[in-house]
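K.L.:
So I've got this file, structure-v3.txt, and it contains compact mmCIF, C-alpha atoms:
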# COMPACT_ATOMS: atom_id res chain seq x y z
CA MET A 1 97.02 62.21 131.03
CA THR A 2 93.28 62.71 130.99
CA SER A 3 91.01 62.19 128.01
CA SER A 4 90.11 65.88 128.04
CA GLU A 5 93.69 66.89 127.30
CA TRP A 6 94.35 68.46 123.89
CA PRO A 7 95.88 66.20 121.25
CA LEU A 8 99.61 66.14 120.65
CA TRP A 9 101.05 67.51 117.40
CA GLU A 10 104.44 67.07 115.79
CA VAL A 11 106.00 70.26 114.44
CA PHE A 12 108.24 70.52 111.38
CA ILE A 13 110.05 73.76 110.57
CA ARG A 14 111.74 74.82 107.35
CA SER A 15 114.57 77.08 108.38
CA LYS A 16 114.99 78.70 104.98
CA GLN A 17 113.88 78.41 101.39
CA GLY A 18 115.34 75.39 99.63
CA LEU A 19 115.88 73.34 102.77
CA ASP A 20 113.65 70.56 104.02
CA HIS A 21 111.24 70.79 106.89
CA LYS A 22 112.90 69.31 109.97
CA HIS A 23 111.25 67.92 113.04
CA ALA A 24 111.42 70.61 115.72
CA GLY A 25 109.42 69.07 118.55
CA SER A 26 105.86 68.58 119.65
CA LEU A 27 103.13 70.53 121.36
CA ARG A 28 99.50 70.37 122.40
CA ALA A 29 96.69 72.15 120.59
CA ALA A 30 92.93 71.78 120.27
CA ASP A 31 92.86 71.95 116.46
CA ALA A 32 95.10 72.33 113.42
CA GLU A 33 94.88 76.11 113.31
CA MET A 34 95.87 76.39 116.95
CA ALA A 35 98.68 73.92 116.38
CA ILE A 36 100.14 76.12 113.62
CA GLU A 37 99.88 79.23 115.80
CA ASN A 38 101.34 77.52 118.85
CA ALA A 39 104.17 76.20 116.70
CA ARG A 40 104.81 79.74 115.50
CA ASP A 41 104.93 80.97 119.10
CA VAL A 42 106.89 78.08 120.59
CA TYR A 43 109.33 77.15 117.82
CA THR A 44 109.92 80.21 115.61
CA ARG A 45 110.26 83.06 118.09
CA ARG A 46 114.00 83.31 117.47
CA SER A 47 113.64 83.46 113.67
CA GLU A 48 114.07 79.72 113.22
CA GLY A 49 111.69 79.32 110.32
CA VAL A 50 109.95 80.40 107.15
CA SER A 51 107.41 77.58 106.97
CA ILE A 52 105.65 75.29 109.43
CA TRP A 53 104.04 71.87 109.08
CA VAL A 54 102.08 70.26 111.86
CA VAL A 55 100.69 66.76 111.97
CA GLU A 56 98.81 65.07 114.75
CA SER A 57 101.17 62.69 116.50
CA LYS A 58 98.67 59.83 116.26
CA HIS A 59 99.10 59.87 112.48
CA VAL A 60 102.81 59.19 112.71
CA VAL A 61 103.54 55.48 112.28
CA ALA A 62 106.82 54.51 113.91
CA SER A 63 109.06 51.49 113.55
CA SER A 64 109.32 49.30 116.57
CA PRO A 65 112.55 49.10 118.62
CA GLU A 66 112.12 45.30 118.64
CA ASP A 67 112.69 45.32 114.89
CA ASN A 68 116.01 47.13 115.14
CA ALA A 69 118.09 44.02 114.63
CA SER A 70 116.34 42.96 111.44
CA PHE A 71 115.71 46.49 110.17
CA PHE A 72 118.98 48.28 110.65
CA GLU A 73 121.83 45.97 111.48
CA PRO A 74 122.04 44.22 108.08
CA SER A 75 123.11 47.47 106.44
CA ASP A 76 126.02 47.91 108.85
CA SER A 77 128.09 45.36 106.91
CA LYS A 78 127.37 46.73 103.45
CA ILE A 79 129.85 49.53 103.12
CA TYR A 80 129.70 49.27 99.33
CA ARG A 81 126.41 51.11 99.53
CA HIS A 82 128.26 54.26 100.54
CA PRO A 83 129.71 56.26 97.64
CA THR A 84 133.15 56.21 99.24
CA PHE A 85 134.98 54.41 96.45
CA TYR A 86 134.94 57.28 94.01
CA GLU A 87 137.72 59.79 93.67
CA VAL A 88 136.40 63.30 93.91
CA PRO A 89 137.77 65.46 91.09
CA ASP A 90 139.62 68.63 92.05
CA GLY A 91 137.47 71.70 92.32
CA ILE A 92 134.32 69.93 93.54
CA GLU A 93 133.12 71.43 96.80
CA HIS A 94 130.39 70.56 99.24
CA MET A 95 130.60 66.80 98.80
CA MET B 96 97.98 123.60 123.07
CA THR B 97 100.83 123.72 120.58
CA GLN B 98 101.23 121.19 117.80
CA ASN B 99 104.27 119.78 119.59
CA GLU B 100 102.39 119.34 122.88
CA ALA B 101 99.58 117.59 121.07
CA LEU B 102 102.00 115.27 119.28
CA PHE B 103 103.71 114.42 122.59
CA GLN B 104 100.35 113.61 124.15
CA TYR B 105 99.25 111.61 121.12
CA VAL B 106 102.34 109.44 120.93
CA THR B 107 102.41 108.95 124.70
CA ARG B 108 98.84 107.66 124.68
CA ILE B 109 99.58 105.03 122.05
CA GLY B 110 102.75 104.07 123.91
CA ASP B 111 100.91 103.83 127.23
CA ASN B 112 98.21 101.60 125.72
CA SER B 113 100.94 99.16 124.69
CA LEU B 114 102.92 99.50 127.90
CA ILE B 115 100.06 98.90 130.31
CA LEU B 116 98.53 96.01 128.37
CA GLY B 117 102.01 94.50 127.98
CA GLN B 118 102.51 94.76 131.73
CA ARG B 119 99.10 93.20 132.37
CA LEU B 120 99.74 90.29 130.01
CA SER B 121 103.15 89.65 131.52
CA GLU B 122 101.37 88.80 134.78
CA TRP B 123 100.39 85.57 133.04
CA CYS B 124 104.04 84.61 132.58
CA GLY B 125 104.49 81.25 134.30
CA HIS B 126 100.75 81.03 135.03
CA GLY B 127 99.33 80.24 131.57
CA PRO B 128 96.81 77.39 131.35
CA ILE B 129 99.24 75.33 129.25
CA LEU B 130 102.85 75.82 128.22
CA GLU B 131 101.94 76.80 124.64
CA GLU B 132 99.54 79.51 125.77
CA ASP B 133 101.99 80.77 128.36
CA ILE B 134 104.57 81.34 125.63
CA ALA B 135 102.07 82.76 123.14
CA LEU B 136 100.69 85.28 125.59
CA THR B 137 104.07 86.42 126.84
CA ASN B 138 105.21 86.77 123.20
CA THR B 139 102.31 89.17 122.78
CA ALA B 140 103.31 90.98 125.96
CA LEU B 141 106.84 91.39 124.65
CA ASP B 142 105.59 92.68 121.30
CA LEU B 143 103.56 95.30 123.12
CA ILE B 144 106.40 96.33 125.41
CA GLY B 145 108.64 96.60 122.35
CA GLN B 146 106.12 98.91 120.71
CA ALA B 147 105.88 100.93 123.91
CA THR B 148 109.66 101.27 123.97
CA SER B 149 109.73 102.79 120.46
CA LEU B 150 106.78 105.06 121.11
CA LEU B 151 107.85 106.34 124.53
CA LYS B 152 111.38 106.93 123.29
CA TYR B 153 109.92 109.01 120.48
CA ALA B 154 107.60 110.82 122.91
CA GLY B 155 110.60 111.76 125.02
CA GLU B 156 112.33 113.19 121.96
CA ILE B 157 109.26 115.22 121.00
CA GLU B 158 109.03 116.60 124.53
CA GLY B 159 112.67 117.64 124.39
CA LYS B 160 113.30 117.54 128.14
CA GLY B 161 115.80 114.73 127.97
CA ARG B 162 113.53 111.92 129.16
CA ASN B 163 114.31 108.52 127.66
CA GLU B 164 111.94 105.57 127.25
CA ASP B 165 112.82 104.13 130.67
CA GLN B 166 112.10 107.38 132.47
CA MET B 167 108.85 107.66 130.54
CA ALA B 168 107.83 104.13 131.44
CA PHE B 169 108.94 103.92 135.04
CA LEU B 170 109.10 107.40 136.54
CA ARG B 171 105.78 109.05 135.81
CA TYR B 172 102.93 109.43 138.28
CA GLU B 173 99.55 107.85 137.73
CA HIS B 174 97.85 110.96 136.33
CA GLU B 175 100.65 111.29 133.77
CA TYR B 176 99.73 107.98 132.10
CA PHE B 177 97.24 108.34 129.26
CA ASN B 178 96.29 104.78 128.31
CA CYS B 179 92.64 103.86 127.82
CA LEU B 180 90.97 102.30 130.87
CA LEU B 181 90.28 99.03 129.03
CA LEU B 182 93.96 98.13 129.11
CA GLU B 183 94.43 98.45 132.86
CA LEU B 184 91.53 96.16 133.75
CA PRO B 185 92.60 93.07 135.69
CA ASN B 186 93.24 89.76 133.93
CA THR B 187 90.59 88.09 136.13
CA ASP B 188 90.55 84.82 134.15
CA TYR B 189 91.30 83.62 130.64
CA ALA B 190 87.93 84.76 129.32
CA TYR B 191 88.47 88.33 130.54
CA THR B 192 92.07 88.35 129.34
CA LEU B 193 91.09 87.21 125.84
CA ALA B 194 87.99 89.41 125.65
CA ARG B 195 90.11 92.48 126.44
CA GLN B 196 92.74 91.35 123.96
CA PHE B 197 90.22 90.73 121.21
CA LEU B 198 88.52 94.11 121.62
CA PHE B 199 91.82 95.98 121.74
CA ASP B 200 93.60 94.02 118.97
CA HIS B 201 90.94 95.02 116.45
CA PHE B 202 91.30 98.66 117.45
CA ASN B 203 95.08 98.51 117.44
CA TYR B 204 95.11 96.88 114.02
CA PHE B 205 93.00 99.54 112.34
CA MET B 206 94.85 102.33 114.15
CA TYR B 207 98.26 101.18 112.95
CA GLU B 208 96.90 100.55 109.48
CA GLU B 209 95.82 104.21 109.34
CA LEU B 210 99.07 105.41 110.87
CA LEU B 211 100.99 103.91 107.95
CA ASN B 212 99.90 107.04 106.08
CA SER B 213 100.81 109.46 108.85
CA GLU B 214 102.58 112.66 107.83
CA ASP B 215 104.85 112.01 110.80
CA ARG B 216 107.45 109.68 109.33
CA GLN B 217 108.68 108.32 112.64
CA LEU B 218 105.15 107.39 113.65
CA ALA B 219 104.53 105.80 110.24
CA ALA B 220 107.72 103.75 110.60
CA ILE B 221 106.72 102.51 114.06
CA ALA B 222 103.29 101.66 112.66
CA GLU B 223 104.76 99.61 109.84
CA LYS B 224 106.78 97.47 112.24
CA SER B 225 103.97 97.16 114.78
CA LEU B 226 101.27 96.30 112.28
CA LYS B 227 102.91 92.97 111.47
CA GLU B 228 102.85 92.03 115.14
CA VAL B 229 99.33 93.28 115.72
CA THR B 230 98.04 91.44 112.65
CA TYR B 231 99.06 88.23 114.38
CA HIS B 232 97.66 89.32 117.76
CA ARG B 233 94.32 90.01 116.12
CA ARG B 234 94.23 86.70 114.31
CA ARG B 235 95.08 84.80 117.48
CA SER B 236 92.60 86.52 119.80
CA SER B 237 89.82 86.31 117.17
CA GLU B 238 90.31 82.57 116.81
CA TRP B 239 90.30 82.15 120.54
CA LEU B 240 87.08 84.11 120.76
CA ILE B 241 85.44 81.79 118.23
CA ARG B 242 86.80 78.69 119.98
CA LEU B 243 85.48 79.80 123.36
CA GLY B 244 82.19 81.25 122.08
CA ASP B 245 81.42 78.26 119.89
CA GLY B 246 82.94 75.77 122.33
CA THR B 247 81.21 74.36 125.40
CA GLN B 248 78.27 75.92 127.18
CA GLU B 249 80.58 76.99 130.00
CA SER B 250 83.20 78.58 127.72
CA HIS B 251 80.43 80.34 125.77
CA ASP B 252 78.84 81.75 128.92
CA ARG B 253 82.13 82.88 130.43
CA ILE B 254 83.44 84.71 127.35
CA GLN B 255 80.03 86.34 126.81
CA PHE B 256 79.96 87.43 130.45
CA ALA B 257 83.46 88.88 130.18
CA ILE B 258 82.65 90.82 127.02
CA ASN B 259 79.44 92.18 128.50
CA ASP B 260 81.31 93.21 131.63
CA ILE B 261 84.11 95.16 129.96
CA TRP B 262 82.11 96.51 127.01
CA GLU B 263 81.64 99.88 128.71
CA TYR B 264 85.40 100.44 128.42
CA THR B 265 85.46 100.16 124.61
CA GLY B 266 83.92 103.56 123.85
CA GLU B 267 86.98 105.43 125.08
CA LEU B 268 89.10 103.96 122.29
CA PHE B 269 87.13 106.04 119.77
CA GLU B 270 86.51 109.14 121.87
CA ALA B 271 88.18 112.02 120.03
CA ASP B 272 89.30 115.00 122.10
CA GLU B 273 91.29 118.13 121.21
CA VAL B 274 94.55 116.17 120.82
CA ASP B 275 92.99 113.63 118.46
CA GLN B 276 91.34 116.40 116.48
CA MET B 277 94.54 118.43 116.12
CA MET B 278 96.56 115.40 115.06
CA PHE B 279 93.92 114.27 112.59
CA GLU B 280 93.76 117.71 110.99
CA ALA B 281 97.54 117.83 110.75
CA GLY B 282 97.52 114.54 108.83
CA ILE B 283 99.48 112.89 111.65
CA GLY B 284 96.76 111.14 113.62
CA VAL B 285 94.01 108.74 112.64
CA ASN B 286 90.35 109.32 111.91
CA LEU B 287 88.76 107.69 114.97
CA ALA B 288 85.27 107.75 113.46
CA LYS B 289 86.50 105.75 110.50
CA ILE B 290 88.27 103.25 112.77
CA LYS B 291 85.16 102.92 114.89
CA THR B 292 83.14 101.84 111.83
CA ALA B 293 85.75 99.28 110.79
CA TRP B 294 86.07 98.03 114.36
CA HIS B 295 82.33 97.48 114.80
CA LYS B 296 82.07 95.67 111.48
CA ASN B 297 84.95 93.32 112.22
CA VAL B 298 84.12 92.73 115.88
CA SER B 299 80.53 91.90 114.85
CA GLU B 300 81.68 89.39 112.24
CA VAL B 301 83.90 87.52 114.67
CA MET B 302 81.30 87.59 117.42
CA ASP B 303 78.69 86.22 115.01
CA ALA B 304 81.03 83.39 114.06
CA ALA B 305 81.59 82.79 117.76
CA THR B 306 77.81 82.64 118.39
CA LEU B 307 78.20 85.54 120.80
CA THR B 308 75.93 88.55 121.18
CA LYS B 309 77.43 91.99 120.75
CA PRO B 310 76.32 94.25 123.62
CA GLN B 311 74.31 97.38 122.91
CA GLU B 312 76.06 100.74 122.75
CA ASP B 313 75.32 102.26 126.11
CA PHE B 314 77.07 104.29 128.80
CA MET B 315 80.83 104.33 128.26
CA GLN B 316 83.55 104.85 130.85
CA LEU B 317 86.05 107.59 130.02
CA GLY B 318 89.06 109.13 131.73
CA GLY B 319 92.24 107.26 130.87
CA LYS B 320 93.18 109.51 127.99
CA LYS B 321 93.10 112.43 130.42
CA GLY B 322 95.05 110.62 133.12
CA VAL B 323 92.04 109.75 135.31
CA HIS B 324 92.34 106.02 135.96
CA THR B 325 90.52 103.11 137.57
CA GLU B 326 91.41 101.87 141.01
CA TYR B 327 93.55 99.16 139.38
CA MET B 328 96.10 101.52 137.88
CA GLY B 329 97.97 102.34 141.09
CA TYR B 330 98.64 98.66 141.76
CA ILE B 331 100.01 98.14 138.26
CA LEU B 332 102.38 101.07 138.64
CA ALA B 333 103.45 100.01 142.13
CA GLU B 334 104.59 96.68 140.77
CA MET B 335 105.97 98.02 137.50
CA GLN B 336 107.88 100.93 139.02
CA TYR B 337 109.09 99.26 142.19
CA MET B 338 112.67 98.66 141.08
CA GLN B 339 113.28 102.15 139.70
CA ARG B 340 111.62 103.80 142.71
CA ALA B 341 113.46 101.69 145.27
CA TYR B 342 116.80 101.70 143.48
CA PRO B 343 116.93 104.84 141.31
CA ASN B 344 118.91 104.42 138.07
CA CYS B 345 119.49 100.73 138.72
CA GLU B 346 120.42 98.76 135.62
CA TRP B 347 120.54 95.06 134.92
Now that the file is in, can you turn its structure into structure tokens?
P.N.:
Amino acid sequence: MTSSEWPLWEVFIRSKQGLDHKHAGSLRAADAEMAIENARDVYTRRSEGVSIWVVESKHVVASSPEDNASFFEPSDSKIYRHPTFYEVPDGIEHM
Amino acid sequence: MTQNEALFQYVTRIGDNSLILGQRLSEWCGHGPILEEDIALTNTALDLIGQATSLLKYAGEIEGKGRNEDQMAFLRYEHEYFNCLLLELPNTDYAYTLARQFLFDHFNYFMYEELLNSEDRQLAAIAEKSLKEVTYHRRRSSEWLIRLGDGTQESHDRIQFAINDIWEYTGELFEADEVDQMMFEAGIGVNLAKIKTAWHKNVSEVMDAATLTKPQEDFMQLGGKKGVHTEYMGYILAEMQYMQRAYPNCEW
């Protein structure tokens, strides 16, 4: 990668009203406006979306894989945090 | 010239503008400067070829000789294509490709906007669908123009050079002949003088924002609308028509 390369952007697409934006992928663009347009051309050409967010990848702060043990493993043994001990009444759908 | 002949000619011209520019842009497929641009430009090419499909299909119906959109697109001779010369100019480089796109997108936008009110309902319906696509084309090419014009010294010089070089092909877009006149009077076609005013105003605004200088109105190249083309046209058709000429009626 050279320093003259365009910055990387993360693209989030909302597939329809009421749903959340989901990460769709990333792309390169010189500025925010171009990032939105490129996202439109690259990620919504098969009617995947009704709204686009872009954010420069450098602004995304990620957890470190080295922290996985302390971050994520402790919750593996705490099944009581899942709402699996309730009985679902008859007639309730989409649970 | 009967009303029907004029309508055939009119619709074919609009279809050929889309077809030939779509073919030209598709040459960039796989050769774009970056992946994102490659996809964006070929999306535009596909939009244009889609518009050409609707228009040439309709032209074939108006003509009433049983020609479908494929026969219209692939089995005519050079002098039977009526696109403006601007659209057959070579891609050359990204500056030329975007300069051509910018100048045509603004024309295409105002033309389709006017055609929404056409007395010809089929043409109005095609315009309604196409206008959404062309609105995006225009936005994209205008932003590119500003980025290149107001970018580095090199990008500024190259886009200015490209615009200066192809400017003499813009006059034909607004050149009204008998067909345009008949269609305008029938309430079917657009008022080219009105579009010319809107085009100049909008092109000037974007070029100002791009720190570019709009060339003076001077000698303009004509001919495409009458089927008299540049030396480039034959090569486009040779490539575009090869399959249907070599393997008549082949499908895939």
K.L.:
If we count only C-alpha atoms, what is near segment 28-33 of chain A at a cut-off of 8 Å, once residues fewer than 5 positions away on the same chain are taken out, given as a list of chain:residue names?
P.N.:
A:Trp6, A:Pro7, A:Leu8, A:Trp9, A:Asn38, A:Val54, B:Glu131
K.L.:
Please provide the set of residues having any atom within 9 Å of Met315 of chain B, restricted to all atoms listed in the file, with same-chain residues fewer than 4 positions apart removed, written as a list of chain:residue names.
P.N.:
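Contacts, with the query itself left out: B:Trp262, B:Glu263, B:Tyr264, B:Thr265, B:Gly266, B:Glu267.
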K.L.:
At a cut-off of 12 Å, using only C-alpha atoms, what residues contact Thr292 of chain B? Leave out same-chain residues fewer than 4 positions from it and give the result as a CSV table (one decimal) with C-alpha atoms, keeping the file's coordinate frame.
P.N.:
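The new file around.csv reads:
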chain,number,residue,atom,x,y,z
B,201,HIS,CA,90.9,95.0,116.4
B,202,PHE,CA,91.3,98.7,117.4
B,205,PHE,CA,93.0,99.5,112.3
B,206,MET,CA,94.8,102.3,114.2
B,269,PHE,CA,87.1,106.0,119.8
B,286,ASN,CA,90.4,109.3,111.9
B,287,LEU,CA,88.8,107.7,115.0
B,288,ALA,CA,85.3,107.8,113.5
B,296,LYS,CA,82.1,95.7,111.5
B,297,ASN,CA,85.0,93.3,112.2
B,298,VAL,CA,84.1,92.7,115.9
B,299,SER,CA,80.5,91.9,114.8
K.L.:
Taking only C-alpha atoms into account and nothing else, which residues of chain B lie no more than 12 Å away from chain A? Please answer as a ChimeraX atom specification.
P.N.:
/B:128-139,141-142,228,231-232,234-239,241-243,246
K.L.:
Just to confirm, what's the straight-line distance from atom CA of Ala194 of chain B to atom CA of Leu240 of chain B in Å (one decimal)?
P.N.:
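A separation of 7.3 Å between them.
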K.L.:
So that I can see what lies close to Asp200 of chain B, please list as a list in words the residues with an atom at most 8 Å from it, counting only C-alpha atoms and leaving out residues fewer than 3 positions away in the same chain.
P.N.:
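Final neighbour list, sorted by chain and number: Gln196, Phe197, Asn203, Tyr204, Val229, His232, Arg233 and Ser236 of chain B.
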K.L.:
For the selection just defined, write its residues with C-alpha atoms to a file, as a PDB file, in the frame of the given file.
P.N.:
ATOM      1  CA  GLN B 196      92.740  91.350 123.960  1.00  0.00           C
ATOM      2  CA  PHE B 197      90.220  90.730 121.210  1.00  0.00           C
ATOM      3  CA  ASN B 203      95.080  98.510 117.440  1.00  0.00           C
ATOM      4  CA  TYR B 204      95.110  96.880 114.020  1.00  0.00           C
ATOM      5  CA  VAL B 229      99.330  93.280 115.720  1.00  0.00           C
ATOM      6  CA  HIS B 232      97.660  89.320 117.760  1.00  0.00           C
ATOM      7  CA  ARG B 233      94.320  90.010 116.120  1.00  0.00           C
ATOM      8  CA  SER B 236      92.600  86.520 119.800  1.00  0.00           C
TER       9      SER B 236
END
K.L.:
Residues at most 9 Å from Gly25 of chain A, counting only C-alpha atoms, excluding those fewer than 6 positions away in the same chain, as a PyMOL selection string?
P.N.:
chain A and resi 9-12+43
K.L.:
Can you tell me how far atom CA of Val106 of chain B sits from atom CA of Leu181 of chain B, in Å to one decimal?
P.N.:
17.9 Å
K.L.:
Any idea what the distance is between atom CA of Glu183 of chain B and atom CA of Lys224 of chain B?
P.N.:
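Between these atoms lies a distance of 24.1 Å.
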K.L.:
Can you work out which one of B:Gln146, B:Gln255, B:Asn99, B:Thr187 has the shortest atom-to-atom distance to Glu223 of chain B, counting only C-alpha atoms?
P.N.:
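The closest residue to Glu223 of chain B is B:Gln146.
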K.L.:
Would you give the centre and edge lengths, in Å to one decimal, of a box along x, y and z around the listed atoms of segment 79-94 of chain A, with 8 Å added to each side, as lines of an AutoDock Vina configuration file?
P.N.:
center_x = 133.0
center_y = 60.5
center_z = 97.1
size_x = 29.2
size_y = 38.4
size_z = 28.0
K.L.:
Generate the missing atoms of segment 106-125 of chain B up to N, CA and C atoms and report them as a PDB file, in the coordinates of the input.
P.N.:
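The resulting file, out_20.pdb, is shown below:
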ATOM      1  N   VAL B 106     101.417 110.574 120.982  1.00  0.00           N
ATOM      2  CA  VAL B 106     102.340 109.440 120.930  1.00  0.00           C
ATOM      3  C   VAL B 106     102.416 108.741 122.289  1.00  0.00           C
ATOM      4  N   THR B 107     102.369 109.533 123.360  1.00  0.00           N
ATOM      5  CA  THR B 107     102.410 108.950 124.700  1.00  0.00           C
ATOM      6  C   THR B 107     101.205 108.046 124.954  1.00  0.00           C
ATOM      7  N   ARG B 108     100.049 108.476 124.496  1.00  0.00           N
ATOM      8  CA  ARG B 108      98.840 107.660 124.680  1.00  0.00           C
ATOM      9  C   ARG B 108      98.968 106.295 124.008  1.00  0.00           C
ATOM     10  N   ILE B 109      99.445 106.311 122.768  1.00  0.00           N
ATOM     11  CA  ILE B 109      99.580 105.030 122.050  1.00  0.00           C
ATOM     12  C   ILE B 109     100.618 104.164 122.770  1.00  0.00           C
ATOM     13  N   GLY B 110     101.713 104.801 123.189  1.00  0.00           N
ATOM     14  CA  GLY B 110     102.750 104.070 123.910  1.00  0.00           C
ATOM     15  C   GLY B 110     102.231 103.502 125.229  1.00  0.00           C
ATOM     16  N   ASP B 111     101.433 104.297 125.945  1.00  0.00           N
ATOM     17  CA  ASP B 111     100.910 103.830 127.230  1.00  0.00           C
ATOM     18  C   ASP B 111      99.915 102.686 127.059  1.00  0.00           C
ATOM     19  N   ASN B 112      99.115 102.734 125.999  1.00  0.00           N
ATOM     20  CA  ASN B 112      98.210 101.600 125.720  1.00  0.00           C
ATOM     21  C   ASN B 112      99.015 100.306 125.622  1.00  0.00           C
ATOM     22  N   SER B 113     100.108 100.359 124.866  1.00  0.00           N
ATOM     23  CA  SER B 113     100.940  99.160 124.690  1.00  0.00           C
ATOM     24  C   SER B 113     101.631  98.776 125.986  1.00  0.00           C
ATOM     25  N   LEU B 114     102.155  99.774 126.676  1.00  0.00           N
ATOM     26  CA  LEU B 114     102.920  99.500 127.900  1.00  0.00           C
ATOM     27  C   LEU B 114     102.047  98.827 128.962  1.00  0.00           C
ATOM     28  N   ILE B 115     100.887  99.399 129.213  1.00  0.00           N
ATOM     29  CA  ILE B 115     100.060  98.900 130.310  1.00  0.00           C
ATOM     30  C   ILE B 115      99.465  97.532 129.975  1.00  0.00           C
ATOM     31  N   LEU B 116      99.034  97.341 128.731  1.00  0.00           N
ATOM     32  CA  LEU B 116      98.530  96.010 128.370  1.00  0.00           C
ATOM     33  C   LEU B 116      99.677  94.989 128.386  1.00  0.00           C
ATOM     34  N   GLY B 117     100.856  95.399 127.927  1.00  0.00           N
ATOM     35  CA  GLY B 117     102.010  94.500 127.980  1.00  0.00           C
ATOM     36  C   GLY B 117     102.328  94.090 129.409  1.00  0.00           C
ATOM     37  N   GLN B 118     102.261  95.052 130.316  1.00  0.00           N
ATOM     38  CA  GLN B 118     102.510  94.760 131.730  1.00  0.00           C
ATOM     39  C   GLN B 118     101.445  93.800 132.270  1.00  0.00           C
ATOM     40  N   ARG B 119     100.203  94.064 131.931  1.00  0.00           N
ATOM     41  CA  ARG B 119      99.100  93.200 132.370  1.00  0.00           C
ATOM     42  C   ARG B 119      99.297  91.761 131.864  1.00  0.00           C
ATOM     43  N   LEU B 120      99.588  91.635 130.579  1.00  0.00           N
ATOM     44  CA  LEU B 120      99.740  90.290 130.010  1.00  0.00           C
ATOM     45  C   LEU B 120     100.923  89.552 130.626  1.00  0.00           C
ATOM     46  N   SER B 121     101.961  90.306 130.970  1.00  0.00           N
ATOM     47  CA  SER B 121     103.150  89.650 131.520  1.00  0.00           C
ATOM     48  C   SER B 121     102.858  89.024 132.877  1.00  0.00           C
ATOM     49  N   GLU B 122     101.759  89.442 133.514  1.00  0.00           N
ATOM     50  CA  GLU B 122     101.370  88.800 134.780  1.00  0.00           C
ATOM     51  C   GLU B 122     101.049  87.321 134.567  1.00  0.00           C
ATOM     52  N   TRP B 123     100.708  86.973 133.332  1.00  0.00           N
ATOM     53  CA  TRP B 123     100.390  85.570 133.040  1.00  0.00           C
ATOM     54  C   TRP B 123     101.650  84.708 132.909  1.00  0.00           C
ATOM     55  N   CYS B 124     102.807  85.352 132.819  1.00  0.00           N
ATOM     56  CA  CYS B 124     104.040  84.610 132.580  1.00  0.00           C
ATOM     57  C   CYS B 124     104.258  83.573 133.687  1.00  0.00           C
ATOM     58  N   GLY B 125     104.337  82.316 133.304  1.00  0.00           N
ATOM     59  CA  GLY B 125     104.490  81.250 134.300  1.00  0.00           C
ATOM     60  C   GLY B 125     103.177  80.765 134.877  1.00  0.00           C
TER      61      GLY B 125
END
